[in-house]
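Worksheet: the structure to be examined is printed underneath.
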Amino acid sequence: MPSPRPDLHSPVVTGIGVSSGLGHGKDAFRAGLFEGRSVFAPLARPGRQRGDGTPPFFGVEMPDPPSILPPRVERTAGLSGRAAVAVLDEAWREAGLDRVVPERIGLIVGGTNLMAREQLLSLRDYADRLDFLPPRHGHVFLDTDICGLCASQFPIRGFAHTIGAASASGAVAIVAAVEAMRSGRVDACIALGALQDVSMMDLQGFRALGALGAGPVCRPMDTGHDGFLYGEACAALVITRPEHSAGTVYGRVLGTGFCSDGSRGPEPNSNAQVRAAQDALAAAGLATADIDYVNGHATGTPSGDEAELATMCRLGLGHARVNATKSIIGHGLSAAGAVEAAAVLIQMREGLLHPTLNLDTPLDEGFRWVRGAAQEHRIRHALKFSFGFGGTNVALVFGAPEGEAA
């Protein structure tokens, strides 16, 4: 269902924190996006390769997160938790959340099954000595542990919970954060797309499904596409009402669309994608012609790209500029929707669009793909797609800050 029509008090994004294979922080993210820097390589973290002579899994891994946590806490936090704290710290500081009453701050963590690789390593290390399993293993592998970790380090006392929608989890966290703002439950809500720390079992499952690309690069919307490549990523967006902004406003969340297509597996459904977009546009009070930029879900899987292309054709988006962030940083799975929303808002602020890498032969030459190098463009209204296994379809409409929309 569409969210309510916006008014002058549409929720705004006032803080962003990002970690990806381009590095930690918005500066590294911004520079890598506009440079169009390719960072794909064979995955190297322990537990990510089969080690039996089969072709390697390619993707993108980030540097280790900065040490923000107290040493005693950091020793018990996994990669997903440490990345979450790093992006939350950046977004929190930028949004000036210390000025907000803790009971009026909420946190929604988008993602499930977030520590599969570390669980696999624990099984390897303790399989023959289970009596020595550390007590913390009774809770650290729960998705809610990231909520607890974040709320223990930052004064978040409104609420903190997870939400799962496969690869659309980060986008659904934004939808839920907007709804929490509109309902008046809190004055600021953080939507965090969590790093999904996959193991070689997950990667092999994606390979068996035919969804994972062979590498060494990802080719969204290109005739040479053969599947997605995993990319470690995490992002936090602080969403507030305008009167609670501390100065920086990246953009307005004008409308959201979120629907199910009734499928269980990975089958994309253009009808539901169109419905999600139409709901988001109706909530924003906009027509398709008002959208001048589209950030695609654009994974590089043949069936996914072709269904999404059909969706854009049916919506009549041939006039808009289009790019694919996954061509640079890979597919962040749970984090993807939030990380790519951050990319949308950073491009909106900079008046610059990042290139789509490896787009040598587009599936449809009629679209205004951003190719080759970064291109100047002042975004007024952006449409962001995010889809997930299990029939989840999300569309987000962002608008330029007040005073810059004309």
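Chain labels follow the order of the structure tokens: the first chain is A, the next B, and so on; residue numbering restarts at 1 in every chain, and ligands are counted from 1 in their shown order.
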
_Which residues are near Leu345 of chain A? Cut-off 9 Å, only C-alpha atoms, ignore same chain within fewer than 4 positions. Put them as a list of chain:residue names._
A:Val13, A:Tyr250, A:Gly251, A:Glu340, A:Ala341, A:Arg349, A:Glu350, A:Ala382, A:Phe398, A:Ala400

*Do a neighbour search on segment 310-322 of chain A at 8 Å with only C-alpha atoms, toss out local chain neighbours closer than 6 positions, and write the hits as a PyMOL selection string.*
chain A and resi 270-271+273-274+288-289+291-296+366-370

Proximity check segment 41-71 of chain A to segment 227-248 of chain A, 7 Å, nearest pairs one decimal Å, only C-alpha atoms, as JSON lines:
```
{"residue": "A:Phe58", "atom": "CA", "partner": "A:Leu229", "partner_atom": "CA", "distance": 6.4}
{"residue": "A:Gly59", "atom": "CA", "partner": "A:Tyr230", "partner_atom": "CA", "distance": 4.9}
{"residue": "A:Val60", "atom": "CA", "partner": "A:Gly231", "partner_atom": "CA", "distance": 4.3}
{"residue": "A:Glu61", "atom": "CA", "partner": "A:Glu232", "partner_atom": "CA", "distance": 5.2}
{"residue": "A:Met62", "atom": "CA", "partner": "A:Glu232", "partner_atom": "CA", "distance": 6.1}
```

*Work out how far apart atom CA of Phe389 of chain A and atom CA of Ala211 of chain A are and give it in Å to one decimal.*
11.2 Å

*asked:* Need to verify the contact set: Gly81 of chain A, 8 Å, only C-alpha atoms, exclusion of same-chain residues closer than 6 positions in sequence. Can you return it as a ChimeraX atom specification?
replied: /A:145-146,149

*DSSP on the backbone, then: every residue of segment 204-345 of chain A marked alpha helix (DSSP H), written as a ChimeraX atom specification.*
/A:204-209,270-284,302-315,326-329,336-345

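Atom to atom, atom CA of Ala395 of chain A and atom CA of Arg37 of chain A stand 27.0 Å apart.
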